[in-house]
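Colleague: File start.pdb below, PDB, C-alpha atoms:
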```pdb
ATOM      1  CA  MET A   1      72.837  54.678 -71.766
ATOM      2  CA  SER A   2      75.253  56.702 -69.658
ATOM      3  CA  GLU A   3      75.965  60.350 -70.374
ATOM      4  CA  LEU A   4      79.346  60.919 -72.010
ATOM      5  CA  LEU A   5      78.944  64.654 -72.677
ATOM      6  CA  GLN A   6      76.891  67.107 -70.629
ATOM      7  CA  VAL A   7      76.450  70.690 -71.849
ATOM      8  CA  ARG A   8      74.716  73.118 -69.499
ATOM      9  CA  ASN A   9      73.756  76.721 -70.278
ATOM     10  CA  LEU A  10      76.607  77.068 -72.762
ATOM     11  CA  THR A  11      76.991  80.702 -73.779
ATOM     12  CA  LYS A  12      79.493  82.579 -75.931
ATOM     13  CA  HIS A  13      79.441  86.335 -76.490
ATOM     14  CA  PHE A  14      81.530  88.156 -79.068
ATOM     15  CA  GLY A  15      81.202  91.729 -77.896
ATOM     16  CA  GLY A  16      77.476  92.418 -77.882
ATOM     17  CA  LEU A  17      76.652  89.379 -80.048
ATOM     18  CA  ALA A  18      75.465  86.172 -78.389
ATOM     19  CA  ALA A  19      76.671  83.507 -80.820
ATOM     20  CA  VAL A  20      75.528  80.749 -78.438
ATOM     21  CA  GLN A  21      73.013  81.424 -75.667
ATOM     22  CA  ASP A  22      72.153  79.055 -72.780
ATOM     23  CA  VAL A  23      72.414  75.867 -74.829
ATOM     24  CA  SER A  24      72.041  72.600 -72.908
ATOM     25  CA  PHE A  25      72.067  69.024 -74.178
ATOM     26  CA  ASP A  26      73.587  65.602 -73.481
ATOM     27  CA  VAL A  27      75.284  63.006 -75.641
ATOM     28  CA  ASN A  28      75.015  59.455 -74.334
ATOM     29  CA  LYS A  29      77.685  56.844 -74.795
ATOM     30  CA  GLY A  30      77.142  54.966 -78.064
ATOM     31  CA  GLU A  31      74.802  57.530 -79.615
ATOM     32  CA  ILE A  32      74.934  59.389 -82.904
ATOM     33  CA  VAL A  33      73.531  62.865 -82.238
ATOM     34  CA  GLY A  34      72.943  65.450 -84.952
ATOM     35  CA  LEU A  35      73.419  69.187 -84.382
ATOM     36  CA  ILE A  36      71.582  71.209 -87.015
ATOM     37  CA  GLY A  37      70.309  74.711 -87.720
ATOM     38  CA  PRO A  38      70.305  77.386 -90.424
ATOM     39  CA  ASN A  39      73.471  79.257 -91.358
ATOM     40  CA  GLY A  40      74.632  81.373 -88.422
ATOM     41  CA  ALA A  41      72.750  79.268 -85.882
ATOM     42  CA  GLY A  42      75.850  78.705 -83.739
ATOM     43  CA  LYS A  43      76.755  75.125 -84.674
ATOM     44  CA  THR A  44      80.432  75.667 -85.466
ATOM     45  CA  THR A  45      80.834  77.965 -82.452
ATOM     46  CA  THR A  46      79.380  75.191 -80.291
ATOM     47  CA  PHE A  47      81.879  72.696 -81.731
ATOM     48  CA  SER A  48      84.720  75.120 -81.032
ATOM     49  CA  LEU A  49      83.541  75.598 -77.449
ATOM     50  CA  LEU A  50      83.245  71.860 -76.848
ATOM     51  CA  THR A  51      86.763  71.162 -78.122
ATOM     52  CA  GLY A  52      88.554  74.064 -76.459
ATOM     53  CA  PHE A  53      89.181  76.291 -79.469
ATOM     54  CA  LEU A  54      86.945  78.887 -77.810
ATOM     55  CA  THR A  55      86.335  79.559 -74.101
ATOM     56  CA  PRO A  56      82.711  79.893 -72.965
ATOM     57  CA  THR A  57      81.452  83.201 -71.592
ATOM     58  CA  ARG A  58      79.513  81.057 -69.142
ATOM     59  CA  GLY A  59      78.112  77.558 -68.795
ATOM     60  CA  THR A  60      79.704  74.178 -68.212
ATOM     61  CA  ILE A  61      80.924  71.309 -70.379
ATOM     62  CA  THR A  62      81.471  67.945 -68.709
ATOM     63  CA  PHE A  63      83.081  65.078 -70.615
ATOM     64  CA  ALA A  64      83.384  61.588 -69.140
ATOM     65  CA  GLY A  65      82.686  63.033 -65.691
ATOM     66  CA  ARG A  66      85.263  65.847 -65.889
ATOM     67  CA  ARG A  67      84.758  69.580 -66.379
ATOM     68  CA  ILE A  68      86.571  70.602 -69.570
ATOM     69  CA  ASP A  69      85.222  74.082 -70.354
ATOM     70  CA  ASN A  70      88.525  75.798 -69.531
ATOM     71  CA  LEU A  71      90.893  73.209 -70.994
ATOM     72  CA  LYS A  72      93.037  73.583 -74.120
ATOM     73  CA  PRO A  73      92.244  71.598 -77.308
ATOM     74  CA  HIS A  74      95.230  69.252 -76.982
ATOM     75  CA  VAL A  75      94.237  68.356 -73.412
ATOM     76  CA  ILE A  76      90.633  67.658 -74.429
ATOM     77  CA  CYS A  77      91.916  65.557 -77.317
ATOM     78  CA  ARG A  78      94.029  63.435 -74.973
ATOM     79  CA  LEU A  79      90.978  62.936 -72.742
ATOM     80  CA  GLY A  80      89.128  61.368 -75.667
ATOM     81  CA  MET A  81      87.158  64.025 -77.556
ATOM     82  CA  THR A  82      88.270  65.365 -80.915
ATOM     83  CA  ARG A  83      86.794  66.939 -84.035
ATOM     84  CA  THR A  84      87.121  67.204 -87.788
ATOM     85  CA  PHE A  85      86.868  70.469 -89.700
ATOM     86  CA  GLN A  86      84.480  71.393 -92.494
ATOM     87  CA  ILE A  87      87.325  72.651 -94.702
ATOM     88  CA  VAL A  88      89.746  69.756 -94.935
ATOM     89  CA  GLN A  89      93.359  70.732 -94.417
ATOM     90  CA  PRO A  90      95.737  67.800 -94.838
ATOM     91  CA  PHE A  91      99.432  68.445 -94.470
ATOM     92  CA  PRO A  92      99.932  68.768 -98.232
ATOM     93  CA  GLU A  93     103.493  67.520 -98.587
ATOM     94  CA  MET A  94     103.144  64.698 -96.072
ATOM     95  CA  THR A  95     101.849  61.298 -97.111
ATOM     96  CA  ALA A  96      98.444  60.058 -95.993
ATOM     97  CA  LEU A  97     100.213  57.771 -93.514
ATOM     98  CA  GLU A  98     102.278  60.631 -92.093
ATOM     99  CA  ASN A  99      99.124  62.766 -91.775
ATOM    100  CA  VAL A 100      97.400  60.082 -89.715
ATOM    101  CA  MET A 101     100.523  59.404 -87.661
ATOM    102  CA  MET A 102     100.300  62.981 -86.390
ATOM    103  CA  GLY A 103      97.076  61.964 -84.655
ATOM    104  CA  ALA A 104      98.517  58.692 -83.375
ATOM    105  CA  LEU A 105     101.411  60.554 -81.743
ATOM    106  CA  VAL A 106      98.947  62.097 -79.263
ATOM    107  CA  HIS A 107      99.107  58.851 -77.286
ATOM    108  CA  HIS A 108     102.014  56.949 -78.846
ATOM    109  CA  ARG A 109     105.367  58.736 -79.018
ATOM    110  CA  ASN A 110     107.140  55.672 -80.363
ATOM    111  CA  ILE A 111     107.375  56.180 -84.132
ATOM    112  CA  ASP A 112     107.044  52.495 -85.011
ATOM    113  CA  GLU A 113     103.910  52.180 -82.887
ATOM    114  CA  ALA A 114     102.463  55.401 -84.340
ATOM    115  CA  GLN A 115     103.139  54.076 -87.831
ATOM    116  CA  ARG A 116     101.461  50.753 -87.055
ATOM    117  CA  ARG A 117      98.410  52.490 -85.667
ATOM    118  CA  GLY A 118      98.440  54.901 -88.600
ATOM    119  CA  ARG A 119      98.281  52.041 -91.092
ATOM    120  CA  ASN A 120      95.447  50.423 -89.153
ATOM    121  CA  THR A 121      93.566  53.718 -89.165
ATOM    122  CA  LEU A 122      94.038  54.196 -92.913
ATOM    123  CA  ALA A 123      92.579  50.727 -93.427
ATOM    124  CA  ARG A 124      89.551  51.658 -91.282
ATOM    125  CA  VAL A 125      88.781  54.684 -93.464
ATOM    126  CA  GLY A 126      89.479  52.925 -96.770
ATOM    127  CA  LEU A 127      92.793  54.614 -97.581
ATOM    128  CA  ALA A 128      95.301  51.797 -97.025
ATOM    129  CA  HIS A 129      96.201  51.893-100.745
ATOM    130  CA  LYS A 130      96.937  55.638-100.485
ATOM    131  CA  ALA A 131      99.387  55.412 -97.570
ATOM    132  CA  ASP A 132     102.307  56.824 -99.576
ATOM    133  CA  THR A 133     100.292  59.457-101.473
ATOM    134  CA  PRO A 134     100.890  63.111-100.504
ATOM    135  CA  GLY A 135      97.866  64.820 -98.989
ATOM    136  CA  ARG A 136      97.699  67.361-101.819
ATOM    137  CA  GLU A 137      97.216  64.577-104.402
ATOM    138  CA  LEU A 138      94.158  63.037-102.752
ATOM    139  CA  THR A 139      90.690  63.644-104.171
ATOM    140  CA  LEU A 140      88.128  65.539-102.089
ATOM    141  CA  VAL A 141      86.390  62.384-100.854
ATOM    142  CA  GLU A 142      89.790  60.876-100.007
ATOM    143  CA  GLN A 143      90.723  64.034 -98.116
ATOM    144  CA  LYS A 144      87.424  63.772 -96.224
ATOM    145  CA  ARG A 145      88.308  60.209 -95.262
ATOM    146  CA  LEU A 146      91.790  61.351 -94.275
ATOM    147  CA  GLU A 147      90.279  64.093 -92.091
ATOM    148  CA  ILE A 148      88.278  61.418 -90.271
ATOM    149  CA  GLY A 149      91.387  59.238 -90.099
ATOM    150  CA  LYS A 150      93.488  61.962 -88.482
ATOM    151  CA  ALA A 151      90.823  62.359 -85.803
ATOM    152  CA  LEU A 152      90.384  58.597 -85.346
ATOM    153  CA  ALA A 153      94.096  58.131 -84.805
ATOM    154  CA  THR A 154      93.793  60.121 -81.567
ATOM    155  CA  GLU A 155      91.602  57.256 -80.256
ATOM    156  CA  PRO A 156      88.498  59.299 -79.374
ATOM    157  CA  GLN A 157      85.570  58.176 -77.289
ATOM    158  CA  LEU A 158      83.537  61.043 -78.768
ATOM    159  CA  LEU A 159      84.134  62.203 -82.342
ATOM    160  CA  LEU A 160      82.686  65.504 -83.574
ATOM    161  CA  LEU A 161      82.184  65.585 -87.344
ATOM    162  CA  ASP A 162      81.772  69.010 -88.970
ATOM    163  CA  GLU A 163      79.996  68.726 -92.348
ATOM    164  CA  VAL A 164      81.976  65.687 -93.355
ATOM    165  CA  ALA A 165      79.772  65.139 -96.439
ATOM    166  CA  ALA A 166      79.900  68.733 -97.742
ATOM    167  CA  GLY A 167      80.828  69.002-101.424
ATOM    168  CA  LEU A 168      80.532  65.280-102.140
ATOM    169  CA  ARG A 169      78.508  63.555-104.844
ATOM    170  CA  GLU A 170      75.589  61.340-103.809
ATOM    171  CA  ALA A 171      77.516  58.074-104.171
ATOM    172  CA  GLU A 172      80.398  59.546-102.152
ATOM    173  CA  VAL A 173      77.975  60.655 -99.436
ATOM    174  CA  ASP A 174      76.741  57.061 -99.170
ATOM    175  CA  VAL A 175      80.323  55.885 -98.625
ATOM    176  CA  ILE A 176      80.778  58.393 -95.804
ATOM    177  CA  LEU A 177      77.455  57.330 -94.258
ATOM    178  CA  ASP A 178      78.601  53.703 -94.237
ATOM    179  CA  LEU A 179      81.931  54.700 -92.686
ATOM    180  CA  VAL A 180      80.278  56.692 -89.891
ATOM    181  CA  ARG A 181      77.880  53.837 -89.112
ATOM    182  CA  GLN A 182      80.800  51.415 -88.949
ATOM    183  CA  LEU A 183      82.714  53.662 -86.545
ATOM    184  CA  ASN A 184      79.651  53.801 -84.315
ATOM    185  CA  THR A 185      79.322  49.996 -84.284
ATOM    186  CA  GLU A 186      82.986  49.914 -83.199
ATOM    187  CA  GLY A 187      82.057  51.874 -80.084
ATOM    188  CA  ILE A 188      82.695  55.495 -81.037
ATOM    189  CA  THR A 189      80.072  58.048 -79.981
ATOM    190  CA  LEU A 190      79.419  60.767 -82.562
ATOM    191  CA  LEU A 191      78.122  64.339 -82.590
ATOM    192  CA  ILE A 192      77.554  65.535 -86.147
ATOM    193  CA  VAL A 193      77.033  68.962 -87.691
ATOM    194  CA  GLU A 194      75.659  68.610 -91.198
ATOM    195  CA  HIS A 195      73.549  70.607 -93.654
ATOM    196  CA  LEU A 196      72.588  67.575 -95.739
ATOM    197  CA  MET A 197      69.337  66.308 -94.275
ATOM    198  CA  LYS A 198      69.951  62.903 -95.891
ATOM    199  CA  VAL A 199      73.001  62.487 -93.675
ATOM    200  CA  ILE A 200      71.402  63.753 -90.461
ATOM    201  CA  MET A 201      68.135  61.856 -90.849
ATOM    202  CA  ASN A 202      69.838  58.595 -91.812
ATOM    203  CA  LEU A 203      72.471  58.642 -89.095
ATOM    204  CA  SER A 204      71.108  60.365 -86.004
ATOM    205  CA  GLN A 205      69.204  58.695 -83.212
ATOM    206  CA  ARG A 206      68.561  62.161 -81.770
ATOM    207  CA  ILE A 207      68.847  65.705 -83.130
ATOM    208  CA  VAL A 208      69.487  69.031 -81.401
ATOM    209  CA  VAL A 209      68.367  72.122 -83.334
ATOM    210  CA  LEU A 210      69.881  75.596 -82.934
ATOM    211  CA  ASP A 211      68.614  78.902 -84.290
ATOM    212  CA  PHE A 212      70.198  82.296 -83.591
ATOM    213  CA  GLY A 213      72.433  80.641 -80.999
ATOM    214  CA  GLN A 214      69.604  79.089 -78.980
ATOM    215  CA  LYS A 215      68.301  75.545 -78.784
ATOM    216  CA  ILE A 216      64.795  75.469 -80.250
ATOM    217  CA  ALA A 217      64.149  71.732 -80.425
ATOM    218  CA  GLU A 218      65.491  68.302 -79.531
ATOM    219  CA  GLY A 219      64.194  64.842 -80.314
ATOM    220  CA  SER A 220      64.137  61.978 -82.781
ATOM    221  CA  PRO A 221      64.497  62.757 -86.514
ATOM    222  CA  ALA A 222      60.731  62.298 -86.939
ATOM    223  CA  GLU A 223      59.918  64.616 -84.033
ATOM    224  CA  VAL A 224      62.325  67.310 -85.145
ATOM    225  CA  SER A 225      61.244  67.247 -88.796
ATOM    226  CA  ALA A 226      57.618  67.822 -87.715
ATOM    227  CA  ASN A 227      58.395  70.562 -85.181
ATOM    228  CA  PRO A 228      56.823  73.921 -86.209
ATOM    229  CA  LEU A 229      59.741  75.910 -84.751
ATOM    230  CA  VAL A 230      62.206  73.921 -86.836
ATOM    231  CA  LEU A 231      60.144  74.342 -89.991
ATOM    232  CA  GLU A 232      59.928  78.072 -89.346
ATOM    233  CA  ALA A 233      63.682  78.345 -88.783
ATOM    234  CA  TYR A 234      64.452  76.635 -92.080
ATOM    235  CA  LEU A 235      61.550  77.798 -94.257
ATOM    236  CA  GLY A 236      60.467  81.074 -92.673
ATOM    237  CA  LYS A 237      57.147  81.945 -91.063
ATOM    238  CA  GLU A 238      54.162  81.775 -93.362
ATOM    239  CA  GLU A 239      52.357  85.107 -93.684
ATOM    240  CA  ASP A 240      48.691  85.246 -92.703
TER     241      ASP A 240
END
```
How would this structure read if it were set down as structure tokens?
Modeller:
Amino acid sequence: MSELLQVRNLTKHFGGLAAVQDVSFDVNKGEIVGLIGPNGAGKTTTFSLLTGFLTPTRGTITFAGRRIDNLKPHVICRLGMTRTFQIVQPFPEMTALENVMMGALVHHRNIDEAQRRGRNTLARVGLAHKADTPGRELTLVEQKRLEIGKALATEPQLLLLDEVAAGLREAEVDVILDLVRQLNTEGITLLIVEHLMKVIMNLSQRIVVLDFGQKIAEGSPAEVSANPLVLEAYLGKEED
């Protein structure tokens, strides 16, 4: 598999705090990669650095062969990498279709074409029947699907999902798992931040683990779940 995303020595300081410190990893085309770690490990900061919402203190980010670590979010989005957000924020007064059309307009300024692509995207995420429903009237799981739909409408090669299953019931989590798998079979590469181990272990071919802003492990789900450093990060060090 060819490398789609290359992260090298990614570092972000906020004053004297190193939120991310010398983190390096790759995401290959067609993969689903999990990014995990305890609260405060630097996962969301890493997502924000990758997508241009924050500028690295040092390090490089290369996407599809191009350096992007000093580009703005809208430029990175047009290049083919976009993200969802943990706290869903649909445009409340706009319909589900209009919400998704906002993403489609990144590449398609013609309103009719954006609407056509918006309807296709709603069908992909299981919301075709909610096209005319205002964002504020959607249930949480529907808003989660809409959040994915808004990102999908930008036609990403690499989609970053930030805790897309948070707050959902078990049956709803299974629906999201099926949706993510389907998107991957359609050719979309995914990098996923998630606290629910069921999601990460069921979806990821490879997992990168952060703790206190540093990468402490990388490997298959089986390798990572047996790694002593990972167990210590999540469970604490056993006293002698």
Colleague: Can you list, as an mmCIF file with C-alpha atoms, keeping the file's coordinate frame, the residues that the PyMOL selection byres ((chain A and resi 5-20) around 9) selects here?
Modeller:
```cif
data_model
loop_
_atom_site.group_PDB
_atom_site.id
_atom_site.type_symbol
_atom_site.label_atom_id
_atom_site.label_comp_id
_atom_site.auth_asym_id
_atom_site.auth_seq_id
_atom_site.Cartn_x
_atom_site.Cartn_y
_atom_site.Cartn_z
ATOM 1 C CA GLU A 3 75.965 60.350 -70.374
ATOM 2 C CA LEU A 4 79.346 60.919 -72.010
ATOM 3 C CA GLN A 21 73.013 81.424 -75.667
ATOM 4 C CA ASP A 22 72.153 79.055 -72.780
ATOM 5 C CA VAL A 23 72.414 75.867 -74.829
ATOM 6 C CA SER A 24 72.041 72.600 -72.908
ATOM 7 C CA PHE A 25 72.067 69.024 -74.178
ATOM 8 C CA ASP A 26 73.587 65.602 -73.481
ATOM 9 C CA VAL A 27 75.284 63.006 -75.641
ATOM 10 C CA ASN A 28 75.015 59.455 -74.334
ATOM 11 C CA LYS A 29 77.685 56.844 -74.795
ATOM 12 C CA GLY A 40 74.632 81.373 -88.422
ATOM 13 C CA ALA A 41 72.750 79.268 -85.882
ATOM 14 C CA GLY A 42 75.850 78.705 -83.739
ATOM 15 C CA LYS A 43 76.755 75.125 -84.674
ATOM 16 C CA THR A 45 80.834 77.965 -82.452
ATOM 17 C CA THR A 46 79.380 75.191 -80.291
ATOM 18 C CA LEU A 49 83.541 75.598 -77.449
ATOM 19 C CA LEU A 50 83.245 71.860 -76.848
ATOM 20 C CA LEU A 54 86.945 78.887 -77.810
ATOM 21 C CA THR A 55 86.335 79.559 -74.101
ATOM 22 C CA PRO A 56 82.711 79.893 -72.965
ATOM 23 C CA THR A 57 81.452 83.201 -71.592
ATOM 24 C CA ARG A 58 79.513 81.057 -69.142
ATOM 25 C CA GLY A 59 78.112 77.558 -68.795
ATOM 26 C CA THR A 60 79.704 74.178 -68.212
ATOM 27 C CA ILE A 61 80.924 71.309 -70.379
ATOM 28 C CA THR A 62 81.471 67.945 -68.709
ATOM 29 C CA PHE A 63 83.081 65.078 -70.615
ATOM 30 C CA ALA A 64 83.384 61.588 -69.140
ATOM 31 C CA GLY A 65 82.686 63.033 -65.691
ATOM 32 C CA LEU A 158 83.537 61.043 -78.768
ATOM 33 C CA LEU A 210 69.881 75.596 -82.934
ATOM 34 C CA PHE A 212 70.198 82.296 -83.591
ATOM 35 C CA GLY A 213 72.433 80.641 -80.999
ATOM 36 C CA GLN A 214 69.604 79.089 -78.980
ATOM 37 C CA LYS A 215 68.301 75.545 -78.784
#
```
Colleague: Selection in question (the file shown): the PyMOL selection byres ((chain A and resi 139) around 12). Which residues does it include, as a list in words?
Modeller: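 Given this file, the PyMOL selection byres ((chain A and resi 139) around 12) evaluates to Val88, Pro90, Ala96, Leu127, Lys130, Thr133, Pro134, Gly135, Arg136, Glu137, Leu138, Leu140, Val141, Glu142, Gln143, Lys144, Arg145, Leu146, Gly167, Leu168 and Glu172 of chain A.
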Colleague: Go through the shown structure with the PyMOL selection byres ((chain A and resi 234) around 12) and write out the matching residues as a list in words.
Modeller: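 Answer for the PyMOL selection byres ((chain A and resi 234) around 12): Ile36, Gly37, Pro38, Asn39, Gly40, Ala41, His195, Met197, Val209, Leu210, Asp211, Phe212, Ile216, Val224, Ser225, Ala226, Asn227, Pro228, Leu229, Val230, Leu231, Glu232, Ala233, Leu235, Gly236, Lys237 and Glu238 of chain A.
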Colleague: Using all atoms listed in the file, pick whichever of A:Glu194, A:Asp132, A:Glu163, A:Glu155 has the shortest atom-to-atom distance to Gly103 in chain A.
Modeller: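 Among the listed residues, the smallest separation from Gly103 in chain A belongs to A:Glu155.
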Colleague: Mind pulling up the distance from CA of Ser48 in chain A to CA of Lys72 in chain A?
Modeller: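 CA of Ser48 in chain A lies at a distance of 10.9 Å from CA of Lys72 in chain A.
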Colleague: Counting all atoms listed in the file, what are the residues of range 74-135 of chain A within 10 Å of range 176-189 of chain A, and for each of them which pair of atoms is the nearest and at what distance in Å, to one decimal? Sort the table by chain and rising number, as JSON lines.
Modeller:
```
{"residue": "A:Met81", "atom": "CA", "partner": "A:Thr189", "partner_atom": "CA", "distance": 9.6}
{"residue": "A:Arg124", "atom": "CA", "partner": "A:Leu179", "partner_atom": "CA", "distance": 8.3}
{"residue": "A:Val125", "atom": "CA", "partner": "A:Leu179", "partner_atom": "CA", "distance": 6.9}
{"residue": "A:Gly126", "atom": "CA", "partner": "A:Leu179", "partner_atom": "CA", "distance": 8.8}
```
Colleague: With all atoms listed in the file counted, which protein, DNA or RNA residues have an atom no more than 9 Å from (88.7, 58.4, -82.6) in the file frame? Please answer as a list of chain:residue names.
Modeller: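 Taken together, the residues in range are A:Gly80, A:Met81, A:Thr82, A:Arg83, A:Ile148, A:Gly149, A:Lys150, A:Ala151, A:Leu152, A:Ala153, A:Thr154, A:Glu155, A:Pro156, A:Gln157, A:Leu158, A:Leu159, A:Leu183, A:Ile188.
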Colleague: Put those residues in a file: C-alpha atoms, as a PDB file, in the frame of the given file.
Modeller:
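Dumped everything to part29.pdb:
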```
ATOM      1  CA  GLY A  80      89.128  61.368 -75.667  1.00  0.00           C
ATOM      2  CA  MET A  81      87.158  64.025 -77.556  1.00  0.00           C
ATOM      3  CA  THR A  82      88.270  65.365 -80.915  1.00  0.00           C
ATOM      4  CA  ARG A  83      86.794  66.939 -84.035  1.00  0.00           C
ATOM      5  CA  ILE A 148      88.278  61.418 -90.271  1.00  0.00           C
ATOM      6  CA  GLY A 149      91.387  59.238 -90.099  1.00  0.00           C
ATOM      7  CA  LYS A 150      93.488  61.962 -88.482  1.00  0.00           C
ATOM      8  CA  ALA A 151      90.823  62.359 -85.803  1.00  0.00           C
ATOM      9  CA  LEU A 152      90.384  58.597 -85.346  1.00  0.00           C
ATOM     10  CA  ALA A 153      94.096  58.131 -84.805  1.00  0.00           C
ATOM     11  CA  THR A 154      93.793  60.121 -81.567  1.00  0.00           C
ATOM     12  CA  GLU A 155      91.602  57.256 -80.256  1.00  0.00           C
ATOM     13  CA  PRO A 156      88.498  59.299 -79.374  1.00  0.00           C
ATOM     14  CA  GLN A 157      85.570  58.176 -77.289  1.00  0.00           C
ATOM     15  CA  LEU A 158      83.537  61.043 -78.768  1.00  0.00           C
ATOM     16  CA  LEU A 159      84.134  62.203 -82.342  1.00  0.00           C
ATOM     17  CA  LEU A 183      82.714  53.662 -86.545  1.00  0.00           C
ATOM     18  CA  ILE A 188      82.695  55.495 -81.037  1.00  0.00           C
TER      19      ILE A 188
END
```
